[in-house]
>>> print(open('structure-v9.tsv').read())   # TSV, N, CA and C atoms
chain	number	residue	atom	x	y	z
G	1	MET	N	-182.38	-33.20	57.71
G	1	MET	CA	-182.63	-34.29	56.81
G	1	MET	C	-181.97	-35.56	57.35
G	2	ASN	N	-182.61	-36.68	57.20
G	2	ASN	CA	-182.07	-37.96	57.66
G	2	ASN	C	-181.50	-38.72	56.47
G	3	TYR	N	-180.21	-39.02	56.51
G	3	TYR	CA	-179.56	-39.76	55.44
G	3	TYR	C	-179.23	-41.15	55.94
G	4	PHE	N	-179.84	-42.17	55.37
G	4	PHE	CA	-179.60	-43.55	55.78
G	4	PHE	C	-178.33	-44.07	55.12
G	5	ARG	N	-177.55	-44.80	55.86
G	5	ARG	CA	-176.42	-45.50	55.28
G	5	ARG	C	-176.15	-46.74	56.11
G	6	ASN	N	-175.83	-47.79	55.44
G	6	ASN	CA	-175.49	-49.04	56.09
G	6	ASN	C	-174.02	-48.96	56.46
G	7	GLU	N	-173.69	-49.03	57.73
G	7	GLU	CA	-172.31	-48.82	58.17
G	7	GLU	C	-171.33	-49.86	57.64
G	8	TYR	N	-171.79	-51.05	57.35
G	8	TYR	CA	-170.87	-52.02	56.74
G	8	TYR	C	-171.28	-52.17	55.29
G	9	PRO	N	-170.46	-51.68	54.36
G	9	PRO	CA	-170.88	-51.57	52.96
G	9	PRO	C	-171.03	-52.90	52.22
G	10	ARG	N	-170.33	-53.92	52.64
G	10	ARG	CA	-170.40	-55.21	51.95
G	10	ARG	C	-170.64	-56.31	52.98
G	11	PRO	N	-171.89	-56.53	53.38
G	11	PRO	CA	-172.15	-57.46	54.47
G	11	PRO	C	-171.63	-58.87	54.22
G	12	GLN	N	-171.49	-59.28	52.97
G	12	GLN	CA	-170.98	-60.62	52.68
G	12	GLN	C	-169.51	-60.78	53.07
G	13	PHE	N	-168.79	-59.66	53.29
G	13	PHE	CA	-167.39	-59.71	53.69
G	13	PHE	C	-167.17	-59.26	55.14
G	14	LYS	N	-168.25	-59.14	55.90
G	14	LYS	CA	-168.16	-58.60	57.26
G	14	LYS	C	-167.22	-59.43	58.13
G	15	ARG	N	-166.40	-58.74	58.90
G	15	ARG	CA	-165.45	-59.36	59.82
G	15	ARG	C	-165.85	-59.02	61.24
G	16	GLN	N	-165.39	-59.81	62.19
G	16	GLN	CA	-165.68	-59.54	63.59
G	16	GLN	C	-165.00	-58.27	64.07
G	17	GLU	N	-163.78	-58.02	63.62
G	17	GLU	CA	-163.01	-56.87	64.09
G	17	GLU	C	-162.87	-55.85	62.98
G	18	TRP	N	-163.63	-54.76	63.09
G	18	TRP	CA	-163.52	-53.67	62.14
G	18	TRP	C	-164.04	-52.40	62.80
G	19	LEU	N	-163.64	-51.28	62.29
G	19	LEU	CA	-164.03	-49.99	62.84
G	19	LEU	C	-164.48	-49.10	61.69
G	20	SER	N	-165.69	-48.61	61.75
G	20	SER	CA	-166.17	-47.67	60.75
G	20	SER	C	-165.57	-46.30	61.05
G	21	LEU	N	-165.04	-45.66	60.03
G	21	LEU	CA	-164.51	-44.30	60.20
G	21	LEU	C	-165.48	-43.26	59.67
G	22	ASN	N	-166.71	-43.68	59.37
G	22	ASN	CA	-167.74	-42.72	59.00
G	22	ASN	C	-168.01	-41.81	60.19
G	23	GLY	N	-168.39	-40.60	59.90
G	23	GLY	CA	-168.69	-39.64	60.97
G	23	GLY	C	-167.92	-38.35	60.77
G	24	GLU	N	-167.67	-37.65	61.86
G	24	GLU	CA	-167.03	-36.34	61.79
G	24	GLU	C	-165.52	-36.43	61.61
G	25	TRP	N	-165.02	-35.73	60.63
G	25	TRP	CA	-163.58	-35.60	60.35
G	25	TRP	C	-163.24	-34.12	60.33
G	26	GLU	N	-161.97	-33.80	60.55
G	26	GLU	CA	-161.49	-32.44	60.29
G	26	GLU	C	-161.33	-32.31	58.78
G	27	PHE	N	-161.41	-31.07	58.28
G	27	PHE	CA	-161.44	-30.87	56.83
G	27	PHE	C	-160.95	-29.47	56.49
G	28	CYS	N	-160.36	-29.31	55.31
G	28	CYS	CA	-160.08	-27.97	54.80
G	28	CYS	C	-159.91	-27.99	53.29
G	29	PHE	N	-160.16	-26.85	52.71
G	29	PHE	CA	-159.90	-26.62	51.29
G	29	PHE	C	-158.46	-26.16	51.16
G	30	ASP	N	-157.79	-26.57	50.10
G	30	ASP	CA	-156.39	-26.20	49.87
G	30	ASP	C	-156.24	-25.72	48.43
G	31	ASP	N	-156.96	-24.65	48.09
G	31	ASP	CA	-156.98	-24.16	46.72
G	31	ASP	C	-155.62	-23.68	46.22
G	32	LYS	N	-154.71	-23.33	47.12
G	32	LYS	CA	-153.37	-22.87	46.72
G	32	LYS	C	-152.33	-23.97	46.78
G	33	ASN	N	-152.74	-25.21	47.08
G	33	ASN	CA	-151.83	-26.36	47.15
G	33	ASN	C	-150.67	-26.10	48.11
G	34	GLU	N	-151.02	-25.67	49.32
G	34	GLU	CA	-150.01	-25.38	50.34
G	34	GLU	C	-150.07	-26.34	51.52
G	35	GLY	N	-150.91	-27.37	51.42
G	35	GLY	CA	-151.10	-28.28	52.54
G	35	GLY	C	-149.85	-29.00	52.99
G	36	LEU	N	-149.06	-29.51	52.05
G	36	LEU	CA	-147.81	-30.18	52.44
G	36	LEU	C	-146.86	-29.20	53.11
G	37	LYS	N	-146.71	-28.02	52.51
G	37	LYS	CA	-145.85	-26.98	53.08
G	37	LYS	C	-146.33	-26.56	54.47
G	38	ASN	N	-147.64	-26.56	54.66
G	38	ASN	CA	-148.21	-26.14	55.94
G	38	ASN	C	-148.26	-27.26	56.97
G	39	GLY	N	-147.77	-28.44	56.62
G	39	GLY	CA	-147.68	-29.53	57.58
G	39	GLY	C	-148.94	-30.35	57.80
G	40	TYR	N	-149.90	-30.27	56.88
G	40	TYR	CA	-151.13	-31.03	57.05
G	40	TYR	C	-150.87	-32.53	57.06
G	41	ALA	N	-149.90	-33.00	56.30
G	41	ALA	CA	-149.63	-34.44	56.22
G	41	ALA	C	-149.06	-35.01	57.51
G	42	THR	N	-148.55	-34.18	58.38
G	42	THR	CA	-147.98	-34.68	59.64
G	42	THR	C	-149.06	-35.18	60.59
G	43	GLY	N	-150.28	-34.69	60.39
G	43	GLY	CA	-151.37	-35.04	61.29
G	43	GLY	C	-151.38	-34.22	62.57
G	44	LYS	N	-150.43	-33.31	62.70
G	44	LYS	CA	-150.32	-32.52	63.93
G	44	LYS	C	-151.05	-31.18	63.85
G	45	LYS	N	-151.40	-30.77	62.64
G	45	LYS	CA	-152.11	-29.50	62.45
G	45	LYS	C	-153.61	-29.74	62.48
G	46	ARG	N	-154.32	-28.87	63.17
G	46	ARG	CA	-155.79	-28.95	63.17
G	46	ARG	C	-156.30	-28.33	61.88
G	47	LEU	N	-157.29	-28.95	61.30
G	47	LEU	CA	-157.92	-28.40	60.11
G	47	LEU	C	-159.15	-27.60	60.55
G	48	PRO	N	-159.45	-26.50	59.86
G	48	PRO	CA	-160.42	-25.54	60.39
G	48	PRO	C	-161.90	-25.94	60.29
G	49	LEU	N	-162.25	-26.88	59.42
G	49	LEU	CA	-163.65	-27.24	59.23
G	49	LEU	C	-163.92	-28.65	59.71
G	50	LYS	N	-165.19	-28.99	59.81
G	50	LYS	CA	-165.63	-30.36	60.11
G	50	LYS	C	-166.48	-30.84	58.94
G	51	ILE	N	-166.35	-32.12	58.62
G	51	ILE	CA	-167.14	-32.72	57.55
G	51	ILE	C	-167.66	-34.07	58.04
G	52	ILE	N	-168.83	-34.45	57.56
G	52	ILE	CA	-169.38	-35.75	57.89
G	52	ILE	C	-169.08	-36.70	56.74
G	53	VAL	N	-168.25	-37.69	57.01
G	53	VAL	CA	-167.89	-38.72	56.03
G	53	VAL	C	-168.92	-39.83	56.18
G	54	PRO	N	-169.41	-40.38	55.12
G	54	PRO	CA	-168.83	-40.52	53.80
G	54	PRO	C	-169.29	-39.51	52.77
G	55	PHE	N	-169.89	-38.40	53.16
G	55	PHE	CA	-170.47	-37.47	52.20
G	55	PHE	C	-169.43	-36.49	51.67
G	56	ALA	N	-169.48	-36.21	50.37
G	56	ALA	CA	-168.60	-35.22	49.74
G	56	ALA	C	-169.00	-33.82	50.21
G	57	TYR	N	-168.06	-32.91	50.18
G	57	TYR	CA	-168.29	-31.56	50.71
G	57	TYR	C	-169.41	-30.81	49.98
G	58	GLN	N	-169.76	-31.25	48.78
G	58	GLN	CA	-170.80	-30.57	48.02
G	58	GLN	C	-172.21	-30.86	48.54
G	59	TYR	N	-172.39	-31.91	49.32
G	59	TYR	CA	-173.71	-32.35	49.72
G	59	TYR	C	-174.11	-31.80	51.10
G	60	PRO	N	-175.40	-31.50	51.28
G	60	PRO	CA	-175.86	-30.99	52.57
G	60	PRO	C	-175.52	-31.93	53.74
G	61	ALA	N	-175.56	-33.23	53.52
G	61	ALA	CA	-175.28	-34.19	54.60
G	61	ALA	C	-173.85	-34.08	55.12
G	62	SER	N	-172.95	-33.50	54.33
G	62	SER	CA	-171.55	-33.32	54.76
G	62	SER	C	-171.44	-32.24	55.83
G	63	GLN	N	-172.45	-31.40	55.93
G	63	GLN	CA	-172.51	-30.22	56.78
G	63	GLN	C	-171.60	-29.10	56.28
G	64	ILE	N	-171.11	-29.23	55.05
G	64	ILE	CA	-170.37	-28.13	54.42
G	64	ILE	C	-171.20	-27.53	53.30
G	65	ASN	N	-171.69	-28.37	52.38
G	65	ASN	CA	-172.63	-27.94	51.34
G	65	ASN	C	-172.06	-26.80	50.50
G	66	ASP	N	-170.84	-26.97	50.00
G	66	ASP	CA	-170.16	-25.97	49.18
G	66	ASP	C	-170.02	-26.53	47.77
G	67	TYR	N	-170.69	-25.89	46.81
G	67	TYR	CA	-170.67	-26.37	45.42
G	67	TYR	C	-169.54	-25.75	44.60
G	68	SER	N	-168.68	-24.96	45.22
G	68	SER	CA	-167.55	-24.35	44.50
G	68	SER	C	-166.52	-25.41	44.13
G	69	TYR	N	-165.73	-25.11	43.11
G	69	TYR	CA	-164.65	-26.00	42.71
G	69	TYR	C	-163.45	-25.80	43.63
G	70	HIS	N	-162.94	-26.89	44.17
G	70	HIS	CA	-161.74	-26.87	45.00
G	70	HIS	C	-160.85	-28.02	44.53
G	71	PRO	N	-159.69	-27.70	43.93
G	71	PRO	CA	-158.86	-28.76	43.35
G	71	PRO	C	-158.23	-29.70	44.36
G	72	ILE	N	-158.01	-29.22	45.58
G	72	ILE	CA	-157.37	-30.04	46.62
G	72	ILE	C	-158.12	-29.82	47.93
G	73	VAL	N	-158.38	-30.92	48.60
G	73	VAL	CA	-158.99	-30.86	49.93
G	73	VAL	C	-158.25	-31.82	50.84
G	74	TRP	N	-158.31	-31.55	52.13
G	74	TRP	CA	-157.67	-32.39	53.14
G	74	TRP	C	-158.70	-32.89	54.13
G	75	TYR	N	-158.56	-34.14	54.50
G	75	TYR	CA	-159.39	-34.76	55.53
G	75	TYR	C	-158.45	-35.26	56.63
G	76	LYS	N	-158.90	-35.22	57.87
G	76	LYS	CA	-158.08	-35.74	58.97
G	76	LYS	C	-158.98	-36.44	59.98
G	77	ARG	N	-158.54	-37.62	60.38
G	77	ARG	CA	-159.29	-38.38	61.39
G	77	ARG	C	-158.29	-39.09	62.29
G	78	THR	N	-158.53	-39.06	63.59
G	78	THR	CA	-157.70	-39.76	64.56
G	78	THR	C	-158.44	-41.02	64.99
G	79	PHE	N	-157.71	-42.13	65.03
G	79	PHE	CA	-158.28	-43.38	65.52
G	79	PHE	C	-157.15	-44.24	66.04
G	80	LYS	N	-157.50	-45.25	66.82
G	80	LYS	CA	-156.50	-46.17	67.38
G	80	LYS	C	-156.83	-47.59	66.95
G	81	THR	N	-155.77	-48.37	66.77
G	81	THR	CA	-155.93	-49.79	66.50
G	81	THR	C	-155.10	-50.56	67.52
G	82	GLU	N	-155.47	-51.80	67.74
G	82	GLU	CA	-154.71	-52.66	68.64
G	82	GLU	C	-153.83	-53.58	67.81
G	83	ARG	N	-152.60	-53.77	68.24
G	83	ARG	CA	-151.74	-54.75	67.59
G	83	ARG	C	-152.10	-56.12	68.13
G	84	LYS	N	-152.38	-57.03	67.22
G	84	LYS	CA	-152.69	-58.40	67.61
G	84	LYS	C	-151.80	-59.33	66.80
G	85	SER	N	-151.23	-60.29	67.46
G	85	SER	CA	-150.31	-61.22	66.83
G	85	SER	C	-150.97	-61.89	65.62
G	86	GLY	N	-150.27	-61.83	64.49
G	86	GLY	CA	-150.75	-62.48	63.28
G	86	GLY	C	-151.84	-61.72	62.54
G	87	LYS	N	-152.24	-60.56	63.04
G	87	LYS	CA	-153.30	-59.77	62.41
G	87	LYS	C	-152.69	-58.55	61.73
G	88	ARG	N	-153.30	-58.13	60.65
G	88	ARG	CA	-152.88	-56.94	59.92
G	88	ARG	C	-153.99	-55.89	60.03
G	89	ALA	N	-153.61	-54.63	60.02
G	89	ALA	CA	-154.58	-53.53	60.05
G	89	ALA	C	-154.66	-52.93	58.65
G	90	LEU	N	-155.84	-53.01	58.06
G	90	LEU	CA	-156.07	-52.45	56.73
G	90	LEU	C	-156.94	-51.21	56.85
G	91	LEU	N	-156.52	-50.15	56.19
G	91	LEU	CA	-157.31	-48.93	56.09
G	91	LEU	C	-157.98	-48.99	54.73
G	92	CYS	N	-159.30	-49.09	54.72
G	92	CYS	CA	-160.04	-49.32	53.47
G	92	CYS	C	-160.88	-48.10	53.10
G	93	PHE	N	-160.83	-47.75	51.84
G	93	PHE	CA	-161.63	-46.66	51.30
G	93	PHE	C	-162.55	-47.25	50.24
G	94	ASN	N	-163.83	-46.95	50.33
G	94	ASN	CA	-164.78	-47.47	49.34
G	94	ASN	C	-164.87	-46.58	48.12
G	95	GLY	N	-164.37	-45.38	48.22
G	95	GLY	CA	-164.37	-44.51	47.07
G	95	GLY	C	-163.87	-43.13	47.43
G	96	CYS	N	-162.98	-42.61	46.62
G	96	CYS	CA	-162.46	-41.24	46.78
G	96	CYS	C	-162.42	-40.63	45.39
G	97	ASP	N	-162.26	-39.34	45.34
G	97	ASP	CA	-162.18	-38.69	44.04
G	97	ASP	C	-160.89	-39.11	43.35
G	98	TYR	N	-160.62	-38.58	42.23
G	98	TYR	CA	-159.65	-39.12	41.29
G	98	TYR	C	-158.26	-39.40	41.86
G	99	LEU	N	-157.66	-38.47	42.55
G	99	LEU	CA	-156.30	-38.68	43.07
G	99	LEU	C	-156.34	-38.52	44.59
G	100	THR	N	-155.92	-39.56	45.29
G	100	THR	CA	-155.95	-39.56	46.75
G	100	THR	C	-154.61	-39.98	47.29
G	101	ASP	N	-154.06	-39.19	48.21
G	101	ASP	CA	-152.86	-39.55	48.95
G	101	ASP	C	-153.25	-39.76	50.40
G	102	VAL	N	-152.72	-40.81	51.03
G	102	VAL	CA	-153.07	-41.13	52.41
G	102	VAL	C	-151.80	-41.14	53.25
G	103	TRP	N	-151.85	-40.42	54.38
G	103	TRP	CA	-150.77	-40.41	55.35
G	103	TRP	C	-151.29	-40.98	56.66
G	104	VAL	N	-150.45	-41.75	57.35
G	104	VAL	CA	-150.77	-42.24	58.68
G	104	VAL	C	-149.59	-41.90	59.57
G	105	ASN	N	-149.87	-41.18	60.65
G	105	ASN	CA	-148.82	-40.74	61.58
G	105	ASN	C	-147.68	-40.04	60.86
G	106	GLY	N	-148.01	-39.24	59.87
G	106	GLY	CA	-147.01	-38.47	59.13
G	106	GLY	C	-146.29	-39.24	58.05
G	107	ASN	N	-146.63	-40.52	57.85
G	107	ASN	CA	-145.99	-41.34	56.81
G	107	ASN	C	-146.93	-41.54	55.64
G	108	HIS	N	-146.42	-41.28	54.44
G	108	HIS	CA	-147.23	-41.51	53.24
G	108	HIS	C	-147.36	-43.01	53.03
G	109	VAL	N	-148.60	-43.53	52.99
G	109	VAL	CA	-148.78	-44.98	52.89
G	109	VAL	C	-149.33	-45.43	51.55
G	110	ILE	N	-150.03	-44.57	50.83
G	110	ILE	CA	-150.56	-44.98	49.54
G	110	ILE	C	-151.00	-43.77	48.73
G	111	GLN	N	-150.88	-43.91	47.42
G	111	GLN	CA	-151.50	-42.96	46.50
G	111	GLN	C	-152.41	-43.78	45.60
G	112	HIS	N	-153.62	-43.31	45.41
G	112	HIS	CA	-154.59	-44.02	44.57
G	112	HIS	C	-155.08	-43.08	43.48
G	113	LYS	N	-155.09	-43.57	42.25
G	113	LYS	CA	-155.66	-42.83	41.13
G	113	LYS	C	-156.84	-43.61	40.60
G	114	GLY	N	-157.94	-42.93	40.43
G	114	GLY	CA	-159.14	-43.56	39.89
G	114	GLY	C	-160.36	-43.04	40.60
G	115	GLY	N	-161.38	-42.73	39.85
G	115	GLY	CA	-162.57	-42.14	40.44
G	115	GLY	C	-163.44	-43.14	41.16
G	116	TYR	N	-163.59	-42.96	42.42
G	116	TYR	CA	-164.56	-43.67	43.25
G	116	TYR	C	-164.43	-45.18	43.18
G	117	ALA	N	-163.23	-45.68	43.10
G	117	ALA	CA	-162.97	-47.11	43.14
G	117	ALA	C	-162.41	-47.47	44.51
G	118	PRO	N	-162.80	-48.62	45.07
G	118	PRO	CA	-162.28	-48.99	46.39
G	118	PRO	C	-160.78	-49.29	46.35
G	119	PHE	N	-160.10	-49.00	47.45
G	119	PHE	CA	-158.69	-49.33	47.62
G	119	PHE	C	-158.39	-49.44	49.10
G	120	ASN	N	-157.24	-50.01	49.44
G	120	ASN	CA	-156.87	-50.13	50.86
G	120	ASN	C	-155.36	-50.07	51.00
G	121	ALA	N	-154.93	-49.83	52.22
G	121	ALA	CA	-153.50	-49.80	52.56
G	121	ALA	C	-153.28	-50.57	53.85
G	122	ASP	N	-152.24	-51.36	53.87
G	122	ASP	CA	-151.86	-52.07	55.10
G	122	ASP	C	-151.10	-51.06	55.96
G	123	ILE	N	-151.67	-50.74	57.13
G	123	ILE	CA	-151.07	-49.73	58.01
G	123	ILE	C	-150.55	-50.36	59.30
G	124	THR	N	-150.39	-51.66	59.30
G	124	THR	CA	-149.98	-52.37	60.51
G	124	THR	C	-148.68	-51.81	61.07
G	125	ASP	N	-147.69	-51.64	60.23
G	125	ASP	CA	-146.38	-51.19	60.70
G	125	ASP	C	-146.36	-49.70	60.99
>>> encode(input="structure-v9.tsv", output="structure tokens")
Amino acid sequence: MNYFRNEYPRPQFKRQEWLSLNGEWEFCFDDKNEGLKNGYATGKKRLPLKIIVPFAYQYPASQINDYSYHPIVWYKRTFKTERKSGKRALLCFNGCDYLTDVWVNGNHVIQHKGGYAPFNADITD
């Protein structure tokens, strides 16, 4: 199946320097809430599944297509940014499920509560 998506979600705010993180991410279900204990937040552990973002795991386009209830899931993606004088690096999410915690290089950078509302974190430092 072909799923169309516009890689830049808000063309009126398009910037010259940006990186889409859509595509393949590592993924796992954490039904026992053991991810922190198992070191998932460090970014050093490989997650056993692959998912296609921006699709939720329930949808065929995610390549997981699992309709079961899972209270906690983990996503992992590696990317690089360049430090540029006077520039800030923002990690932007256009929508996540109700409670989202974000770690970068093992550091907790933001917690967001709210269903499918956009949020961002300054990850420059």
>>> closest_atom_pairs(input="structure-v9.tsv", of="stretch 62-103 of chain G", to="stretch 19-30 of chain G", cutoff="8 Å", atoms="all atoms listed in the file", output="Markdown table")
| residue | atom | partner | partner_atom | distance |
| --- | --- | --- | --- | --- |
| G:His70 | CA | G:Asp30 | N | 6.5 |
| G:Pro71 | N | G:Asp30 | C | 6.0 |
| G:Ile72 | C | G:Asp30 | N | 3.9 |
| G:Val73 | CA | G:Asp30 | N | 4.5 |
| G:Trp74 | N | G:Cys28 | C | 4.1 |
| G:Tyr75 | CA | G:Glu26 | C | 4.5 |
| G:Lys76 | N | G:Glu26 | C | 3.9 |
| G:Arg77 | N | G:Glu26 | N | 5.1 |
| G:Thr78 | N | G:Trp25 | CA | 6.9 |
>>> closest_atom_pairs(input="structure-v9.tsv", of="stretch 14-90 of chain G", to="stretch 98-106 of chain G", cutoff="9 Å", atoms="only C-alpha atoms", output="Markdown table")
| residue | atom | partner | partner_atom | distance |
| --- | --- | --- | --- | --- |
| G:Tyr40 | CA | G:Gly106 | CA | 8.8 |
| G:Ala41 | CA | G:Gly106 | CA | 5.6 |
| G:Thr42 | CA | G:Gly106 | CA | 3.9 |
| G:Gly43 | CA | G:Gly106 | CA | 6.0 |
| G:Lys44 | CA | G:Gly106 | CA | 8.3 |
>>> residues_near_point(input="structure-v9.tsv", point="(-150.0, -46.6, 53.1)", cutoff="6 Å", atoms="all atoms listed in the file", output="JSON, numbers by chain")
{"G": [102, 108, 109, 110, 121, 122, 123]}
>>> select_by_dssp(input="structure-v9.tsv", residues="stretch 15-93 of chain G", states="strand (DSSP E)", output="PyMOL selection string")
chain G and resi 23-29+49-53+73-76+90-93
>>> atom_distance(input="structure-v9.tsv", atom1="atom CA of G:Asp97", atom2="atom N of G:His112")
9.8 Å
>>> closest_residue(input="structure-v9.tsv", among="G:Asp125, G:Leu49, G:Trp18, G:Lys113", to="G:Cys92", atoms="only C-alpha atoms")
G:Trp18
>>> atom_distance(input="structure-v9.tsv", atom1="atom CA of G:Ile52", atom2="atom CA of G:Asn38")
23.3 Å
>>> atom_distance(input="structure-v9.tsv", atom1="atom CA of G:Ala56", atom2="atom CA of G:Phe93")
13.5 Å
>>> select_by_dssp(input="structure-v9.tsv", residues="chain G", states="helix (DSSP H, G or I)", output="PyMOL selection string")
chain G and resi 11-13+40-42+60-62
>>> residues_around(input="structure-v9.tsv", residues="G:Tyr67", least_positions_apart="4", cutoff="8 Å", atoms="only N, CA and C atoms", output="list in words")
Tyr57, Gln58 and Tyr59 of chain G
>>> decode(input="structure-v9.tsv", residues="stretch 75-94 of chain G", atoms="N, CA and C atoms", output="PDB file, in the first residue's frame")
ATOM      1  N   TYR G  75      10.567   4.072  21.360  1.00  0.00           N
ATOM      2  CA  TYR G  75      11.061   4.366  20.019  1.00  0.00           C
ATOM      3  C   TYR G  75      12.511   4.812  20.152  1.00  0.00           C
ATOM      4  N   LYS G  76      13.332   4.484  19.167  1.00  0.00           N
ATOM      5  CA  LYS G  76      14.731   4.928  19.189  1.00  0.00           C
ATOM      6  C   LYS G  76      15.164   5.297  17.782  1.00  0.00           C
ATOM      7  N   ARG G  77      15.814   6.439  17.677  1.00  0.00           N
ATOM      8  CA  ARG G  77      16.334   6.892  16.383  1.00  0.00           C
ATOM      9  C   ARG G  77      17.665   7.584  16.612  1.00  0.00           C
ATOM     10  N   THR G  78      18.645   7.284  15.769  1.00  0.00           N
ATOM     11  CA  THR G  78      19.950   7.934  15.825  1.00  0.00           C
ATOM     12  C   THR G  78      20.018   8.964  14.716  1.00  0.00           C
ATOM     13  N   PHE G  79      20.502  10.153  15.060  1.00  0.00           N
ATOM     14  CA  PHE G  79      20.697  11.196  14.056  1.00  0.00           C
ATOM     15  C   PHE G  79      21.790  12.123  14.549  1.00  0.00           C
ATOM     16  N   LYS G  80      22.342  12.915  13.647  1.00  0.00           N
ATOM     17  CA  LYS G  80      23.397  13.867  13.992  1.00  0.00           C
ATOM     18  C   LYS G  80      22.957  15.273  13.616  1.00  0.00           C
ATOM     19  N   THR G  81      23.405  16.230  14.413  1.00  0.00           N
ATOM     20  CA  THR G  81      23.182  17.635  14.098  1.00  0.00           C
ATOM     21  C   THR G  81      24.535  18.335  14.113  1.00  0.00           C
ATOM     22  N   GLU G  82      24.614  19.443  13.413  1.00  0.00           N
ATOM     23  CA  GLU G  82      25.833  20.244  13.419  1.00  0.00           C
ATOM     24  C   GLU G  82      25.643  21.419  14.361  1.00  0.00           C
ATOM     25  N   ARG G  83      26.665  21.723  15.132  1.00  0.00           N
ATOM     26  CA  ARG G  83      26.623  22.928  15.958  1.00  0.00           C
ATOM     27  C   ARG G  83      26.986  24.111  15.080  1.00  0.00           C
ATOM     28  N   LYS G  84      26.119  25.110  15.089  1.00  0.00           N
ATOM     29  CA  LYS G  84      26.386  26.328  14.331  1.00  0.00           C
ATOM     30  C   LYS G  84      26.219  27.512  15.274  1.00  0.00           C
ATOM     31  N   SER G  85      27.149  28.417  15.206  1.00  0.00           N
ATOM     32  CA  SER G  85      27.147  29.582  16.084  1.00  0.00           C
ATOM     33  C   SER G  85      25.819  30.336  15.977  1.00  0.00           C
ATOM     34  N   GLY G  86      25.219  30.583  17.130  1.00  0.00           N
ATOM     35  CA  GLY G  86      23.979  31.343  17.184  1.00  0.00           C
ATOM     36  C   GLY G  86      22.735  30.558  16.813  1.00  0.00           C
ATOM     37  N   LYS G  87      22.876  29.285  16.491  1.00  0.00           N
ATOM     38  CA  LYS G  87      21.736  28.454  16.093  1.00  0.00           C
ATOM     39  C   LYS G  87      21.387  27.487  17.213  1.00  0.00           C
ATOM     40  N   ARG G  88      20.125  27.161  17.329  1.00  0.00           N
ATOM     41  CA  ARG G  88      19.640  26.201  18.312  1.00  0.00           C
ATOM     42  C   ARG G  88      19.093  24.985  17.568  1.00  0.00           C
ATOM     43  N   ALA G  89      19.196  23.823  18.171  1.00  0.00           N
ATOM     44  CA  ALA G  89      18.645  22.592  17.596  1.00  0.00           C
ATOM     45  C   ALA G  89      17.371  22.239  18.353  1.00  0.00           C
ATOM     46  N   LEU G  90      16.260  22.232  17.637  1.00  0.00           N
ATOM     47  CA  LEU G  90      14.972  21.877  18.229  1.00  0.00           C
ATOM     48  C   LEU G  90      14.540  20.515  17.716  1.00  0.00           C
ATOM     49  N   LEU G  91      14.127  19.668  18.632  1.00  0.00           N
ATOM     50  CA  LEU G  91      13.550  18.376  18.296  1.00  0.00           C
ATOM     51  C   LEU G  91      12.044  18.557  18.402  1.00  0.00           C
ATOM     52  N   CYS G  92      11.354  18.453  17.274  1.00  0.00           N
ATOM     53  CA  CYS G  92       9.921  18.771  17.221  1.00  0.00           C
ATOM     54  C   CYS G  92       9.095  17.517  16.974  1.00  0.00           C
ATOM     55  N   PHE G  93       8.021  17.400  17.721  1.00  0.00           N
ATOM     56  CA  PHE G  93       7.069  16.307  17.560  1.00  0.00           C
ATOM     57  C   PHE G  93       5.730  16.922  17.184  1.00  0.00           C
ATOM     58  N   ASN G  94       5.119  16.410  16.133  1.00  0.00           N
ATOM     59  CA  ASN G  94       3.819  16.934  15.712  1.00  0.00           C
ATOM     60  C   ASN G  94       2.674  16.265  16.438  1.00  0.00           C
TER      61      ASN G  94
END
